[in-house]
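**Q** File name run_9.cif; file contents mmCIF, C-alpha atoms; full text below.
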data_query
#
loop_
_atom_site.group_PDB
_atom_site.id
_atom_site.type_symbol
_atom_site.label_atom_id
_atom_site.label_comp_id
_atom_site.auth_asym_id
_atom_site.auth_seq_id
_atom_site.Cartn_x
_atom_site.Cartn_y
_atom_site.Cartn_z
ATOM 1 C CA MET A 130 -43.329 103.461 -18.496
ATOM 2 C CA LYS A 131 -41.809 103.246 -15.059
ATOM 3 C CA PHE A 132 -43.337 105.736 -12.636
ATOM 4 C CA TYR A 133 -41.209 104.705 -9.637
ATOM 5 C CA LYS A 134 -37.438 104.687 -10.050
ATOM 6 C CA GLY A 135 -36.483 103.774 -6.455
ATOM 7 C CA ASN A 136 -36.380 100.498 -4.620
ATOM 8 C CA SER A 137 -39.177 98.258 -5.926
ATOM 9 C CA ALA A 138 -39.135 96.193 -2.714
ATOM 10 C CA LEU A 139 -39.948 99.320 -0.718
ATOM 11 C CA LEU A 140 -42.837 100.120 -3.052
ATOM 12 C CA ALA A 141 -44.164 96.569 -2.697
ATOM 13 C CA ALA A 142 -43.940 96.825 1.097
ATOM 14 C CA VAL A 143 -45.883 100.104 1.089
ATOM 15 C CA ILE A 144 -48.595 98.601 -1.134
ATOM 16 C CA VAL A 145 -48.880 95.487 1.066
ATOM 17 C CA ALA A 146 -49.033 97.642 4.197
ATOM 18 C CA PHE A 147 -51.827 99.709 2.660
ATOM 19 C CA ILE A 148 -53.781 96.604 1.645
ATOM 20 C CA VAL A 149 -53.381 95.043 5.103
ATOM 21 C CA GLN A 150 -54.537 98.242 6.825
ATOM 22 C CA THR A 151 -57.498 98.867 4.508
ATOM 23 C CA PRO A 152 -59.956 96.439 6.162
ATOM 24 C CA PHE A 153 -59.504 98.160 9.519
ATOM 25 C CA PHE A 154 -60.225 101.592 8.052
ATOM 26 C CA ALA A 155 -63.270 100.216 6.247
ATOM 27 C CA PHE A 156 -64.928 99.680 9.637
ATOM 28 C CA ALA A 157 -64.602 103.301 10.712
ATOM 29 C CA GLY A 158 -68.077 104.539 11.537
ATOM 30 C CA ASP A 159 -67.631 108.303 11.635
ATOM 31 C CA GLY A 160 -64.330 108.685 9.834
ATOM 32 C CA LEU A 161 -62.502 109.279 13.109
ATOM 33 C CA GLY A 162 -61.482 105.683 13.723
ATOM 34 C CA THR A 163 -64.494 104.716 15.842
ATOM 35 C CA TRP A 164 -66.338 101.553 15.075
ATOM 36 C CA LYS A 165 -69.833 100.569 16.004
ATOM 37 C CA GLY A 166 -69.595 96.792 16.253
ATOM 38 C CA LYS A 167 -69.309 94.089 18.871
ATOM 39 C CA ILE A 168 -65.956 92.372 19.341
ATOM 40 C CA ALA A 169 -65.450 89.049 21.106
ATOM 41 C CA LEU A 170 -62.362 87.270 22.277
ATOM 42 C CA VAL A 171 -61.658 83.548 22.495
ATOM 43 C CA ASP A 172 -58.742 81.764 24.150
ATOM 44 C CA MET A 173 -58.091 78.895 21.734
ATOM 45 C CA LYS A 174 -55.354 77.423 23.944
ATOM 46 C CA ARG A 175 -57.885 77.065 26.722
ATOM 47 C CA VAL A 176 -60.483 75.692 24.312
ATOM 48 C CA LEU A 177 -58.012 73.024 23.162
ATOM 49 C CA ALA A 178 -57.047 72.171 26.735
ATOM 50 C CA GLU A 179 -60.558 72.055 28.208
ATOM 51 C CA CYS A 180 -62.955 70.781 25.553
ATOM 52 C CA ILE A 181 -63.689 67.053 25.383
ATOM 53 C CA GLN A 182 -62.257 66.726 21.864
ATOM 54 C CA GLY A 183 -59.042 68.482 22.885
ATOM 55 C CA LYS A 184 -58.622 66.307 25.970
ATOM 56 C CA ALA A 185 -59.250 63.156 23.916
ATOM 57 C CA ALA A 186 -56.718 64.258 21.296
ATOM 58 C CA LYS A 187 -54.142 64.912 24.016
ATOM 59 C CA GLU A 188 -54.724 61.488 25.599
ATOM 60 C CA GLU A 189 -54.489 59.778 22.201
ATOM 61 C CA PHE A 190 -51.257 61.629 21.451
ATOM 62 C CA GLU A 191 -49.726 60.786 24.837
ATOM 63 C CA LYS A 192 -50.634 57.122 24.297
ATOM 64 C CA ALA A 193 -48.949 57.196 20.876
ATOM 65 C CA VAL A 194 -45.830 58.786 22.429
ATOM 66 C CA ASP A 195 -45.711 56.056 25.092
ATOM 67 C CA GLU A 196 -46.097 53.344 22.433
ATOM 68 C CA SER A 197 -43.379 54.947 20.341
ATOM 69 C CA GLN A 198 -41.006 55.095 23.300
ATOM 70 C CA ALA A 199 -41.735 51.449 24.144
ATOM 71 C CA LYS A 200 -41.076 50.478 20.528
ATOM 72 C CA LEU A 201 -37.697 52.264 20.506
ATOM 73 C CA LYS A 202 -36.574 51.194 23.975
ATOM 74 C CA PRO A 203 -35.007 47.852 22.899
ATOM 75 C CA LEU A 204 -32.970 49.554 20.175
ATOM 76 C CA GLN A 205 -31.824 52.243 22.626
ATOM 77 C CA ALA A 206 -30.812 49.535 25.117
ATOM 78 C CA GLU A 207 -28.899 47.681 22.421
ATOM 79 C CA VAL A 208 -26.965 50.817 21.471
ATOM 80 C CA GLU A 209 -26.137 51.485 25.131
ATOM 81 C CA LYS A 210 -24.981 47.875 25.621
ATOM 82 C CA LEU A 211 -22.769 48.013 22.528
ATOM 83 C CA LYS A 212 -21.271 51.297 23.718
ATOM 84 C CA LYS A 213 -20.525 49.952 27.219
ATOM 85 C CA ASP A 214 -19.098 46.727 25.806
ATOM 86 C CA LEU A 215 -16.832 48.657 23.466
ATOM 87 C CA GLU A 216 -15.612 50.920 26.279
ATOM 88 C CA ARG A 217 -15.032 47.964 28.600
ATOM 89 C CA GLN A 218 -13.205 45.861 25.996
ATOM 90 C CA ALA A 219 -11.201 48.680 24.391
ATOM 91 C CA GLY A 220 -7.890 47.609 25.933
ATOM 92 C CA VAL A 221 -8.192 43.883 25.219
ATOM 93 C CA LEU A 222 -9.596 43.775 21.677
ATOM 94 C CA SER A 223 -7.395 43.607 18.641
ATOM 95 C CA GLU A 224 -7.519 46.565 16.325
ATOM 96 C CA SER A 225 -9.661 44.699 13.772
ATOM 97 C CA ALA A 226 -12.067 43.383 16.440
ATOM 98 C CA TYR A 227 -12.326 46.863 17.966
ATOM 99 C CA SER A 228 -13.048 48.358 14.519
ATOM 100 C CA ALA A 229 -15.717 45.710 13.863
ATOM 101 C CA LYS A 230 -17.446 46.442 17.188
ATOM 102 C CA GLU A 231 -17.122 50.179 16.580
ATOM 103 C CA GLU A 232 -18.736 49.766 13.146
ATOM 104 C CA GLN A 233 -21.525 47.703 14.703
ATOM 105 C CA LEU A 234 -22.113 50.443 17.292
ATOM 106 C CA TYR A 235 -22.061 53.130 14.604
ATOM 107 C CA SER A 236 -24.556 51.167 12.488
ATOM 108 C CA LYS A 237 -26.958 50.616 15.403
ATOM 109 C CA ALA A 238 -26.653 54.236 16.536
ATOM 110 C CA LYS A 239 -27.444 55.377 13.000
ATOM 111 C CA GLU A 240 -30.464 53.037 12.903
ATOM 112 C CA LEU A 241 -31.641 54.450 16.232
ATOM 113 C CA LYS A 242 -31.237 58.017 14.994
ATOM 114 C CA ARG A 243 -33.264 57.225 11.842
ATOM 115 C CA SER A 244 -35.959 55.511 13.902
ATOM 116 C CA LEU A 245 -36.157 58.412 16.346
ATOM 117 C CA LYS A 246 -36.525 60.913 13.504
ATOM 118 C CA LYS A 247 -39.173 58.772 11.805
ATOM 119 C CA GLU A 248 -41.186 58.501 15.032
ATOM 120 C CA ARG A 249 -40.761 62.195 15.825
ATOM 121 C CA ASP A 250 -42.004 63.118 12.341
ATOM 122 C CA ARG A 251 -44.933 60.675 12.571
ATOM 123 C CA LEU A 252 -45.936 61.976 15.991
ATOM 124 C CA GLY A 253 -45.596 65.584 14.847
ATOM 125 C CA GLU A 254 -47.856 64.975 11.858
ATOM 126 C CA MET A 255 -50.320 63.148 14.085
ATOM 127 C CA ARG A 256 -50.408 66.022 16.579
ATOM 128 C CA ILE A 257 -50.900 68.623 13.857
ATOM 129 C CA ALA A 258 -53.756 66.601 12.340
ATOM 130 C CA GLN A 259 -55.399 66.213 15.759
ATOM 131 C CA LEU A 260 -55.071 69.900 16.609
ATOM 132 C CA ASN A 261 -56.345 70.974 13.195
ATOM 133 C CA LYS A 262 -59.410 68.771 13.619
ATOM 134 C CA VAL A 263 -60.259 70.321 17.003
ATOM 135 C CA ILE A 264 -59.383 73.859 15.860
ATOM 136 C CA ASN A 265 -61.583 73.522 12.771
ATOM 137 C CA LYS A 266 -64.512 72.337 14.889
ATOM 138 C CA ALA A 267 -63.908 75.133 17.411
ATOM 139 C CA SER A 268 -63.722 77.684 14.584
ATOM 140 C CA GLU A 269 -67.113 76.523 13.310
ATOM 141 C CA VAL A 270 -68.537 76.984 16.811
ATOM 142 C CA VAL A 271 -66.949 80.452 17.112
ATOM 143 C CA LYS A 272 -68.462 81.523 13.778
ATOM 144 C CA GLU A 273 -71.868 80.188 14.787
ATOM 145 C CA LEU A 274 -71.736 81.993 18.143
ATOM 146 C CA ALA A 275 -70.550 85.202 16.482
ATOM 147 C CA ARG A 276 -73.529 85.147 14.105
ATOM 148 C CA GLN A 277 -75.969 84.335 16.924
ATOM 149 C CA LYS A 278 -74.637 86.991 19.298
ATOM 150 C CA GLY A 279 -74.046 89.668 16.654
ATOM 151 C CA TYR A 280 -70.259 89.893 16.939
ATOM 152 C CA LYS A 281 -68.620 91.563 13.968
ATOM 153 C CA VAL A 282 -65.113 90.384 14.877
ATOM 154 C CA VAL A 283 -63.767 87.577 17.055
ATOM 155 C CA LEU A 284 -60.094 87.753 17.999
ATOM 156 C CA GLU A 285 -57.760 85.172 19.496
ATOM 157 C CA MET A 286 -57.169 86.389 23.050
ATOM 158 C CA ASN A 287 -53.467 85.445 23.024
ATOM 159 C CA ALA A 288 -52.740 87.037 19.649
ATOM 160 C CA PRO A 289 -50.081 89.751 19.593
ATOM 161 C CA ASP A 290 -52.637 92.186 18.163
ATOM 162 C CA VAL A 291 -54.715 92.073 21.368
ATOM 163 C CA ILE A 292 -52.999 94.550 23.650
ATOM 164 C CA TYR A 293 -55.725 94.856 26.272
ATOM 165 C CA SER A 294 -59.046 93.275 27.120
ATOM 166 C CA ASP A 295 -61.250 93.681 30.165
ATOM 167 C CA GLY A 296 -62.516 90.141 29.575
ATOM 168 C CA LYS A 297 -66.149 91.171 29.036
ATOM 169 C CA GLY A 298 -66.155 89.975 25.434
ATOM 170 C CA ASP A 299 -64.567 86.603 26.262
ATOM 171 C CA ILE A 300 -66.637 83.804 24.715
ATOM 172 C CA THR A 301 -64.199 80.997 25.553
ATOM 173 C CA ASP A 302 -66.543 79.351 28.077
ATOM 174 C CA LEU A 303 -69.383 79.426 25.542
ATOM 175 C CA VAL A 304 -67.188 77.813 22.886
ATOM 176 C CA ILE A 305 -66.047 75.057 25.264
ATOM 177 C CA SER A 306 -69.617 74.443 26.422
ATOM 178 C CA LYS A 307 -70.945 74.262 22.861
ATOM 179 C CA LEU A 308 -68.126 71.887 21.824
ATOM 180 C CA ASN A 309 -68.775 69.652 24.832
ATOM 181 C CA HIS A 310 -72.552 69.608 24.655
ATOM 182 C CA GLY A 311 -73.276 70.328 21.006
#
As structure tokens - that is how I would like this structure written.
**A**
Amino acid sequence: MKFYKGNSALLAAVIVAFIVQTPFFAFAGDGLGTWKGKIALVDMKRVLAECIQGKAAKEEFEKAVDESQAKLKPLQAEVEKLKKDLERQAGVLSESAYSAKEEQLYSKAKELKRSLKKERDRLGEMRIAQLNKVINKASEVVKELARQKGYKVVLEMNAPDVIYSDGKGDITDLVISKLNHG
């Protein structure tokens, strides 16, 4: 038996919207949308930038980027040399010699492109792993502080859901301090 004959996607959207909104209504203290709980805010970007683990991860990543660039530099120079040689010799080479040099350039350029993509992917995965490690540790600290201080909810300060804050519930400094000093 089908009780709804309209657009099923619309019905699904309404159900999802209701489910997403339900936790917020569950906190209502007097039924009028007021809530009797402490809320804290944390600036995770600042935590990542200022805590020792975040700084170390950034330095390690920058070192890996420098090493990657140094590793690719000879191949980039070779491609540039082949390109300049081909441009300089274009008028004097036979058609077959020009085609051979052009194919060599194309092959090296393709190798460089593959190498760049491989390094970019490797560095991206490395950065994500580093950030996740620091974020997970910071999240543990946030949860511990929330329990200790009696916060019911801790929000990311830069999240789109935070429209206004007077800064009084900002625990970012506490999180950084606890990460740095245990």
**Q** How many Å lie between CA of Ala288 in chain A and CA of Lys266 in chain A, rounded to one decimal?
**A**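 A separation of 19.4 Å between them.
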**Q** Would you kindly translate the PyMOL selection byres ((chain A and resi 201-203) around 12) into the concrete residues it picks from this file, as an NGL selection string?
**A** :A and (194-200 or 204-210 or 237-238 or 240-249)
**Q** For the atom pair CA of Val171 in chain A and CA of Glu285 in chain A, what is the interatomic distance in Å to one decimal place?
**A**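 It comes out at 5.2 Å.
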**Q** Please identify all polymer residues within 10 Å of Ala219 in chain A, counting all atoms listed in the file, omitting same-chain residues fewer than 6 positions from it, and present them as a PyMOL selection string.
**A** chain A and resi 213+226-227+230-231
**Q** Using only C-alpha atoms, which residue out of A:Lys167, A:Lys212, A:Lys278, A:Arg175 lies closest to Gln233 in chain A?
**A**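 Result for the nearest residue to Gln233 in chain A: A:Lys212.
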**Q** Which residue gives the smallest distance to Asn265 in chain A among A:Val282, A:Leu222, A:Leu215, A:Leu308, with only C-alpha atoms counted?
**A** A:Leu308
**Q** Find the smallest box with edges along x, y and z containing every listed atom of range 190-194 of chain A, then add 5 Å on each side and report centre and edge lengths in Å to one decimal, as JSON.
**A**
{"center_x": -48.5, "center_y": 59.4, "center_z": 22.9, "size_x": 15.4, "size_y": 14.5, "size_z": 14.0}
**Q** Taking the file as I've supplied it (selection: the PyMOL selection byres ((chain A and resi 267) around 12)), which residues are included? Please answer as a ChimeraX atom specification.
**A** /A:171-183,260-266,268-274,285,300-309,311
**Q** Show me, as CSV, the residues of range 190-249 of chain A having an atom within 10 Å of range 255-259 of chain A, each with the closest atom pair and its distance in Å, using all atoms listed in the file.
**A**
residue,atom,partner,partner_atom,distance
A:Phe190,CA,A:Arg256,CA,6.6
A:Glu191,CA,A:Arg256,CA,9.8
A:Ala193,CA,A:Met255,CA,9.1
A:Arg249,CA,A:Met255,CA,9.8
**Q** Tell me which residues the PyMOL selection byres ((chain A and resi 294) around 12) grabs here, as a PyMOL selection string.
**A** chain A and resi 168-172+284-288+290-293+295-299
**Q** CA of Ser236 in chain A and CA of Leu211 in chain A are how many Å apart?
**A**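 Separating CA of Ser236 in chain A from CA of Leu211 in chain A is a distance of 10.7 Å.
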**Q** Output range 217-249 of chain A from the block with N, CA and C atoms, as an mmCIF file, in the first residue's frame?
**A**
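Output contents, as saved in result-v8.cif:
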data_model
loop_
_atom_site.group_PDB
_atom_site.id
_atom_site.type_symbol
_atom_site.label_atom_id
_atom_site.label_comp_id
_atom_site.auth_asym_id
_atom_site.auth_seq_id
_atom_site.Cartn_x
_atom_site.Cartn_y
_atom_site.Cartn_z
ATOM 1 N N ARG A 217 65.176 25.383 -31.331
ATOM 2 C CA ARG A 217 66.368 25.969 -31.932
ATOM 3 C C ARG A 217 66.751 25.256 -33.237
ATOM 4 N N GLN A 218 66.535 23.938 -33.270
ATOM 5 C CA GLN A 218 66.960 23.148 -34.428
ATOM 6 C C GLN A 218 65.839 22.896 -35.434
ATOM 7 N N ALA A 219 64.683 23.466 -35.218
ATOM 8 C CA ALA A 219 63.516 23.192 -36.062
ATOM 9 C C ALA A 219 63.780 23.426 -37.546
ATOM 10 N N GLY A 220 64.500 24.459 -37.888
ATOM 11 C CA GLY A 220 64.737 24.788 -39.294
ATOM 12 C C GLY A 220 65.814 23.970 -39.963
ATOM 13 N N VAL A 221 66.691 23.339 -39.184
ATOM 14 C CA VAL A 221 67.831 22.625 -39.778
ATOM 15 C C VAL A 221 67.683 21.107 -39.763
ATOM 16 N N LEU A 222 66.796 20.585 -38.957
ATOM 17 C CA LEU A 222 66.613 19.129 -38.873
ATOM 18 C C LEU A 222 65.766 18.620 -40.030
ATOM 19 N N SER A 223 66.101 17.404 -40.438
ATOM 20 C CA SER A 223 65.238 16.750 -41.430
ATOM 21 C C SER A 223 63.915 16.421 -40.771
ATOM 22 N N GLU A 224 62.954 16.105 -41.591
ATOM 23 C CA GLU A 224 61.620 15.804 -41.053
ATOM 24 C C GLU A 224 61.658 14.599 -40.113
ATOM 25 N N SER A 225 62.413 13.571 -40.478
ATOM 26 C CA SER A 225 62.485 12.366 -39.631
ATOM 27 C C SER A 225 63.234 12.654 -38.327
ATOM 28 N N ALA A 226 64.313 13.439 -38.406
ATOM 29 C CA ALA A 226 65.066 13.793 -37.193
ATOM 30 C C ALA A 226 64.222 14.679 -36.285
ATOM 31 N N TYR A 227 63.490 15.611 -36.891
ATOM 32 C CA TYR A 227 62.599 16.483 -36.107
ATOM 33 C C TYR A 227 61.524 15.644 -35.410
ATOM 34 N N SER A 228 60.927 14.705 -36.129
ATOM 35 C CA SER A 228 59.897 13.831 -35.559
ATOM 36 C C SER A 228 60.449 12.993 -34.413
ATOM 37 N N ALA A 229 61.690 12.502 -34.576
ATOM 38 C CA ALA A 229 62.321 11.694 -33.529
ATOM 39 C C ALA A 229 62.539 12.537 -32.269
ATOM 40 N N LYS A 230 63.044 13.752 -32.448
ATOM 41 C CA LYS A 230 63.253 14.644 -31.291
ATOM 42 C C LYS A 230 61.921 15.051 -30.659
ATOM 43 N N GLU A 231 60.923 15.278 -31.488
ATOM 44 C CA GLU A 231 59.594 15.626 -30.993
ATOM 45 C C GLU A 231 59.008 14.475 -30.180
ATOM 46 N N GLU A 232 59.201 13.249 -30.654
ATOM 47 C CA GLU A 232 58.720 12.067 -29.926
ATOM 48 C C GLU A 232 59.466 11.911 -28.596
ATOM 49 N N GLN A 233 60.762 12.192 -28.623
ATOM 50 C CA GLN A 233 61.556 12.127 -27.394
ATOM 51 C C GLN A 233 61.047 13.154 -26.378
ATOM 52 N N LEU A 234 60.786 14.375 -26.857
ATOM 53 C CA LEU A 234 60.238 15.421 -25.990
ATOM 54 C C LEU A 234 58.883 15.003 -25.438
ATOM 55 N N TYR A 235 58.025 14.504 -26.300
ATOM 56 C CA TYR A 235 56.688 14.068 -25.881
ATOM 57 C C TYR A 235 56.789 12.977 -24.809
ATOM 58 N N SER A 236 57.691 12.022 -25.023
ATOM 59 C CA SER A 236 57.864 10.918 -24.077
ATOM 60 C C SER A 236 58.342 11.423 -22.708
ATOM 61 N N LYS A 237 59.337 12.317 -22.736
ATOM 62 C CA LYS A 237 59.860 12.867 -21.472
ATOM 63 C C LYS A 237 58.823 13.739 -20.774
ATOM 64 N N ALA A 238 58.081 14.515 -21.540
ATOM 65 C CA ALA A 238 57.036 15.366 -20.959
ATOM 66 C C ALA A 238 55.954 14.504 -20.324
ATOM 67 N N LYS A 239 55.618 13.404 -20.967
ATOM 68 C CA LYS A 239 54.623 12.482 -20.420
ATOM 69 C C LYS A 239 55.140 11.835 -19.128
ATOM 70 N N GLU A 240 56.418 11.467 -19.120
ATOM 71 C CA GLU A 240 57.044 10.902 -17.921
ATOM 72 C C GLU A 240 57.022 11.915 -16.773
ATOM 73 N N LEU A 241 57.321 13.165 -17.100
ATOM 74 C CA LEU A 241 57.300 14.228 -16.095
ATOM 75 C C LEU A 241 55.887 14.410 -15.546
ATOM 76 N N LYS A 242 54.913 14.426 -16.420
ATOM 77 C CA LYS A 242 53.522 14.592 -15.984
ATOM 78 C C LYS A 242 53.101 13.452 -15.050
ATOM 79 N N ARG A 243 53.474 12.220 -15.412
ATOM 80 C CA ARG A 243 53.156 11.059 -14.551
ATOM 81 C C ARG A 243 53.847 11.184 -13.200
ATOM 82 N N SER A 244 55.114 11.583 -13.229
ATOM 83 C CA SER A 244 55.876 11.727 -11.982
ATOM 84 C C SER A 244 55.298 12.819 -11.094
ATOM 85 N N LEU A 245 54.916 13.933 -11.718
ATOM 86 C CA LEU A 245 54.307 15.028 -10.947
ATOM 87 C C LEU A 245 53.007 14.576 -10.291
ATOM 88 N N LYS A 246 52.182 13.863 -11.031
ATOM 89 C CA LYS A 246 50.909 13.382 -10.483
ATOM 90 C C LYS A 246 51.155 12.398 -9.344
ATOM 91 N N LYS A 247 52.111 11.497 -9.545
ATOM 92 C CA LYS A 247 52.438 10.509 -8.510
ATOM 93 C C LYS A 247 52.904 11.205 -7.224
ATOM 94 N N GLU A 248 53.772 12.185 -7.366
ATOM 95 C CA GLU A 248 54.266 12.923 -6.193
ATOM 96 C C GLU A 248 53.162 13.740 -5.541
ATOM 97 N N ARG A 249 52.337 14.376 -6.361
ATOM 98 C CA ARG A 249 51.219 15.168 -5.825
ATOM 99 C C ARG A 249 50.274 14.273 -5.030
#
